[in-house]
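Visitor: Got a structure for you, questions after.
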Amino acid sequence: MPEKWILVAPWGDPTVWRRVTYIVPKIPPQGCRDMWKEGDVEQESEGERIESQSSSAAIARYIYKRGIKDNTNIDLKVLIIMSETLADPGKIYEEGCEQRDVADRLRRSVEADYRKYVESYFGGDLAKRIEILVAPGIGLFNRDRGETRFRCNMNNYTSYIFANLLNRIVREDPTTILLDITHGINYMPLLTSEAVRAAIELSVFQKSAMRGGKNAEIRLIYLNSDPYIPPRGGAGSQLQQATAISSDVLNINVIRCEEIDAEETRRRIYSDLLRTITKNQNLRLYRIKSGKPKQEINAYMKDVERDIRSVATIVKILDRGLLLPLVYKARELRNTVGGGGKCGDLFRSGWNFETLNNIIKYVDEVSIECNESGERRVIEVGRQLWVDPEILRLWISSCIVSFEILEKVERYVESTGDWATLDLLNDIVESNLIPSEASLAIARREVSDIRCRSYIAYRVFGKTILDREIPYKYIYDMTEKIFKLAEERYGSSRWIWKLCEEKQPRSSTGGEYADELGDFVKTLEKDLRDLEKIVSCDNRDCEFDERNLYAHAGIEKNVTCIKIEENRGSDGSGILKIYLRYRRQCVDKIMKIVEKAA
């Protein structure tokens with residue numbers, strides 16, 4: 001399988017570029033560490049010299065040539081980003097100033113006018129690998145055939161590029177993305193860099209979620225050539241003139257190389273989502289400059305805000321390592337997603353990010369005015385709405401977090417009703433979902449503690465404890481008595497904990513410590529009688545210690561029910577299955593406290 005690479009390059013006006021000799025740095029097939037061996041000087045001495053009007057074309061030709069010559073097996077594609085501000089006002093005026101499909105007409109006009117330059121600069125087979133993406137523009141421009149005025153917001157450029165890049169990266173699944181900012185002008189290099197990085201982050205995060213949490217990464221290489229200073233009296237801006245001049249030698253420099261991975265992205269996304277709750281951030285995806293928003297836009301805004309806030313609460317719960325509250329919140333999220341919503345659209349479409357077109361299409365709601373003053377034509381293009389790229393990123397992030405959590409709990413929830421298996425809680429602990437090391441340690445300890453206490457209870461009571469809904473407080477207090485008795489009689493209770501090391505716990509009538517445990521059972525006759533008196537775990541008042549709730553990963557013994565089942569393994573041996581839930585009358589109260597604290 002060939003490695004897929006994408007070269008992304010924001011371009012200004014290519015008609016005025018001169019032909020120079022570019023020195024392209026050696027780019028290793030993988031990783032960033034081999035980019036420089038002895039420092040920047042060696043980068044120049046080992047580079048390939050290529051004559052071209054464009055650094056982007058030189059980079060693409062170098063990679064393409066090396067792939068054929070050295071058999072590096074790289075499948076390269078190129079995305080050139082241009083601004084709609086390059087549109088010819090005279091041509092637009094001649095086509096008419098109808099309000100219909102203004103953005104599409106602008107993009108078709110720009111691509112038709114500049115495709116010949118792109119194909120000329122890249123040449124040959126490479127021209128077939130190039131796509132031109134015409135993005136929203138802003139500014140006032142004087143042209144030979146008139147003046148164009150683009151009334152827009154720069155955020156539309158970022159959102160448009162980000163959404164299109166995310167679509168492409170998810171679809172193409174590249175290992176390396178090269179970003180050449182040499183030819184970008186004004187805001188284009190910075191905003192394109194932000195959009196590219198955000199798209200890569202979400203694509204590796206999404207890929208990791210689809211692979212069950214397995215890490216994923218993409219290498220991002222930033223490139224920029226030395227500045228070109230044109231000679232005095234240089235050629236004009238026509239294509240044939242631009243291709244005729246050969247002058248200076250320019251280095252193409254690797255500004256930065258980084259490997260963006262899903263684990264680091266997850267930490268950043270969690271941090272960003274946590275801030276939305278902490279700062280009560282305004283989460284409006286769309287901003288209206290004037291006029292009233294459409295009903296459809298309002299619906300999007302409500303869906304997006306609900307999704308982000310709901311997932312941000314889940315992230316808070318995760319950050320605190322609260323296991324049972326996470327499962328309850330995930331069930332709530334599953335019902336929300338199952339009932340509709342934009343995140344649900346992404347799930348059901350198999351992560352087809354073309355769904356983003358339903359958002360970005362609002363950027364293309366463009367108005368146009370045409371005026372003529374003498375022989376001069378003035379075209380004014382306006383957008384009254386802009387899409388916030390940061391909120392768009394947060395929303396897609398929240399959808400991926402939702403998907404990742406639901407994938408983790410779905411297979412348990414369907415078969416266990418309102419119970420959560422201890423296996424599920426253990427899977428959450430052993431996954432990479434809990435970001436805080438301290439919270440993770442508490443949750444891991446709690447899962448181990450519950451498993452051990454349940455095994456000990458089974459050793460003491462045998463089958464009489466199976467298939468019963470018992471307050472966890474009862475098992476907790478009973479095992480505490482056993483530990484205390486062991487401390488008094490033997491000076492240590494460590495041997496009891498060793499019972500939990502066995503993968504398959506045996507019944508209370510056998511095992512290395514059967515006699516010692518049998519003696520303890522005689523001292524617990526009252527506890528045995530108490531077990532028989534327990535009718536239902538739910539027949540109790542809903543009182544608990546909030547501090548203990550957080551100190552024990554959300555498993556507070558006073559409100560937690562436990563059920564132990566014995567299943568048969570493939571070899572016929574007994575396997576204990578442990579289930580937990582909150583007392584039903586306590587669920588709403590606990591979740592309100594947890595969410596408020598979050």
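Labels for the structure tokens follow display order: chains A, B, ..., residues from 1 in each chain, ligands from 1.
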Set the distance at 6 Å and use only C-alpha atoms: which residues neighbour stretch 166-180 of chain A once local chain neighbours fewer than 4 positions away are removed? I'd like the list as a count of residues only.
Guide: 16
Visitor: Atom CA of A:Asp88 to atom CA of A:Glu380: how many Å, to one decimal?
Guide: 12.2 Å
Visitor: Leaving out stretch 56-64 of chain A and any residue of its chain fewer than 3 positions from it, which residues lie within 7 Å of it when counting only C-alpha atoms, given as a ChimeraX atom specification?
Guide: /A:9,22,24,50,52,67-68,121-122,180
Visitor: Could you please take those selected residues and save all heavy atoms as a compact mmCIF listing (two decimals), in the first residue's frame?
Guide:
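part00.txt written:
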# COMPACT_ATOMS: atom_id res chain seq x y z
N ALA A 9 -1.43 24.20 -0.10
CA ALA A 9 -0.72 25.46 -0.34
C ALA A 9 -1.71 26.60 -0.59
O ALA A 9 -2.45 26.55 -1.58
CB ALA A 9 0.21 25.32 -1.54
N TYR A 22 14.61 26.57 -7.09
CA TYR A 22 14.30 26.23 -5.70
C TYR A 22 15.16 25.05 -5.26
O TYR A 22 15.37 24.09 -6.02
CB TYR A 22 12.83 25.85 -5.54
CG TYR A 22 11.89 27.02 -5.59
CD1 TYR A 22 11.09 27.27 -6.70
CD2 TYR A 22 11.77 27.89 -4.49
CE1 TYR A 22 10.20 28.33 -6.74
CE2 TYR A 22 10.88 28.96 -4.52
CZ TYR A 22 10.10 29.18 -5.64
OH TYR A 22 9.24 30.23 -5.68
N VAL A 24 14.92 22.16 -2.81
CA VAL A 24 13.91 21.47 -2.00
C VAL A 24 14.61 20.60 -0.96
O VAL A 24 15.52 19.83 -1.30
CB VAL A 24 13.01 20.59 -2.88
CG1 VAL A 24 11.89 19.96 -2.05
CG2 VAL A 24 12.42 21.42 -4.02
N ILE A 50 15.40 22.53 -8.37
CA ILE A 50 14.32 22.45 -9.36
C ILE A 50 13.94 23.87 -9.78
O ILE A 50 13.67 24.73 -8.94
CB ILE A 50 13.09 21.73 -8.79
CG1 ILE A 50 13.44 20.29 -8.43
CG2 ILE A 50 11.93 21.77 -9.79
CD1 ILE A 50 12.31 19.52 -7.77
N SER A 52 11.33 26.48 -11.16
CA SER A 52 9.87 26.56 -11.14
C SER A 52 9.43 27.97 -10.79
O SER A 52 10.19 28.75 -10.22
CB SER A 52 9.31 25.58 -10.10
OG SER A 52 7.90 25.69 -10.01
N GLY A 67 9.53 9.49 -5.91
CA GLY A 67 8.69 8.29 -5.81
C GLY A 67 8.91 7.35 -6.98
O GLY A 67 8.92 6.12 -6.82
N ILE A 68 9.13 7.93 -8.18
CA ILE A 68 9.36 7.10 -9.36
C ILE A 68 10.79 6.56 -9.37
O ILE A 68 11.04 5.39 -9.63
CB ILE A 68 9.10 7.93 -10.64
CG1 ILE A 68 7.62 8.34 -10.69
CG2 ILE A 68 9.49 7.14 -11.88
CD1 ILE A 68 7.29 9.27 -11.83
N TYR A 121 2.58 25.35 -14.10
CA TYR A 121 3.62 25.32 -13.09
C TYR A 121 3.94 23.90 -12.63
O TYR A 121 5.09 23.57 -12.37
CB TYR A 121 3.22 26.17 -11.88
CG TYR A 121 3.12 27.66 -12.18
CD1 TYR A 121 2.56 28.53 -11.25
CD2 TYR A 121 3.57 28.19 -13.38
CE1 TYR A 121 2.46 29.89 -11.51
CE2 TYR A 121 3.47 29.54 -13.65
CZ TYR A 121 2.91 30.39 -12.71
OH TYR A 121 2.82 31.73 -12.98
N PHE A 122 2.91 23.07 -12.52
CA PHE A 122 3.14 21.70 -12.05
C PHE A 122 3.51 20.78 -13.21
O PHE A 122 4.43 19.98 -13.10
CB PHE A 122 1.90 21.16 -11.32
CG PHE A 122 1.75 21.70 -9.93
CD1 PHE A 122 1.15 22.91 -9.70
CD2 PHE A 122 2.23 20.98 -8.85
CE1 PHE A 122 1.01 23.42 -8.41
CE2 PHE A 122 2.10 21.48 -7.56
CZ PHE A 122 1.49 22.70 -7.34
N ASP A 180 2.71 24.30 2.52
CA ASP A 180 3.62 25.30 1.95
C ASP A 180 2.93 26.66 2.00
O ASP A 180 1.98 26.92 1.26
CB ASP A 180 3.95 24.94 0.50
CG ASP A 180 4.85 25.98 -0.17
OD1 ASP A 180 5.57 26.69 0.57
OD2 ASP A 180 4.80 26.10 -1.41
Visitor: Can you pull out every residue within 10 Å of A:Glu194, counting only C-alpha atoms, but drop anything in the same chain fewer than 6 positions away, and send it as a PDB file with N, CA and C atoms, in the first residue's frame?
Guide:
ATOM      1  N   THR A 158     -11.521  30.511   7.517  1.00  0.00           N
ATOM      2  CA  THR A 158     -10.996  29.434   8.352  1.00  0.00           C
ATOM      3  C   THR A 158     -11.968  28.260   8.441  1.00  0.00           C
ATOM      4  N   ILE A 161     -12.133  26.351   5.030  1.00  0.00           N
ATOM      5  CA  ILE A 161     -10.939  25.542   4.797  1.00  0.00           C
ATOM      6  C   ILE A 161     -10.909  24.353   5.755  1.00  0.00           C
ATOM      7  N   PHE A 162     -11.198  24.605   7.013  1.00  0.00           N
ATOM      8  CA  PHE A 162     -11.176  23.551   8.030  1.00  0.00           C
ATOM      9  C   PHE A 162     -12.133  22.416   7.669  1.00  0.00           C
ATOM     10  N   MET A 188      -3.945  34.628   4.806  1.00  0.00           N
ATOM     11  CA  MET A 188      -4.026  33.235   4.333  1.00  0.00           C
ATOM     12  C   MET A 188      -3.038  32.279   5.024  1.00  0.00           C
ATOM     13  N   PRO A 389     -15.146  29.282  13.612  1.00  0.00           N
ATOM     14  CA  PRO A 389     -14.352  28.059  13.438  1.00  0.00           C
ATOM     15  C   PRO A 389     -14.042  27.350  14.751  1.00  0.00           C
TER      16      PRO A 389
END
Visitor: For the atom pair atom CA of A:Tyr117 and atom CA of A:Ile132, what is the interatomic distance in Å to one decimal place?
Guide: 11.4 Å
Visitor: Using Å and a single decimal, report how far atom CA of A:Arg451 sits from atom CA of A:Ser536.
Guide: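 Between these atoms lies a distance of 21.4 Å.
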Visitor: Tell me which protein, DNA and RNA residues are within 8 Å of stretch 477-484 of chain A, counting only C-alpha atoms, leaving out same-chain ones fewer than 2 positions away, and put them as a PyMOL selection string.
Guide: chain A and resi 453+456-457+473-475+486-488+493+496+520+527
Visitor: Restricting it to N, CA and C atoms, dump the selection as a compact mmCIF listing (two decimals), in the first residue's frame.
Guide:
# COMPACT_ATOMS: atom_id res chain seq x y z
N ARG A 453 -13.67 -7.41 47.26
CA ARG A 453 -14.68 -7.56 48.31
C ARG A 453 -15.80 -8.49 47.85
N ILE A 456 -14.53 -12.04 48.12
CA ILE A 456 -14.48 -12.47 49.53
C ILE A 456 -15.89 -12.79 50.02
N ALA A 457 -16.87 -11.95 49.65
CA ALA A 457 -18.25 -12.21 50.05
C ALA A 457 -18.73 -13.55 49.50
N LYS A 473 -23.02 -1.39 50.76
CA LYS A 473 -22.60 -1.09 52.13
C LYS A 473 -22.53 -2.37 52.96
N TYR A 474 -23.46 -3.29 52.72
CA TYR A 474 -23.47 -4.54 53.48
C TYR A 474 -22.18 -5.33 53.21
N ILE A 475 -21.83 -5.51 51.94
CA ILE A 475 -20.63 -6.25 51.59
C ILE A 475 -19.38 -5.52 52.09
N ALA A 486 -8.81 -10.56 60.97
CA ALA A 486 -7.52 -11.08 60.51
C ALA A 486 -6.37 -10.31 61.14
N GLU A 487 -6.54 -9.00 61.25
CA GLU A 487 -5.50 -8.18 61.87
C GLU A 487 -5.32 -8.57 63.35
N GLU A 488 -6.45 -8.81 64.02
CA GLU A 488 -6.37 -9.14 65.44
C GLU A 488 -5.76 -10.53 65.66
N SER A 493 -3.95 -8.75 57.37
CA SER A 493 -5.08 -9.21 56.54
C SER A 493 -4.65 -9.39 55.09
N ILE A 496 -5.83 -12.39 53.06
CA ILE A 496 -7.21 -12.39 52.55
C ILE A 496 -7.25 -11.73 51.17
N PHE A 520 -13.57 -17.75 60.44
CA PHE A 520 -14.14 -16.40 60.45
C PHE A 520 -15.65 -16.42 60.24
N ASP A 527 -24.17 -11.49 60.68
CA ASP A 527 -24.13 -10.95 59.32
C ASP A 527 -24.86 -11.87 58.35
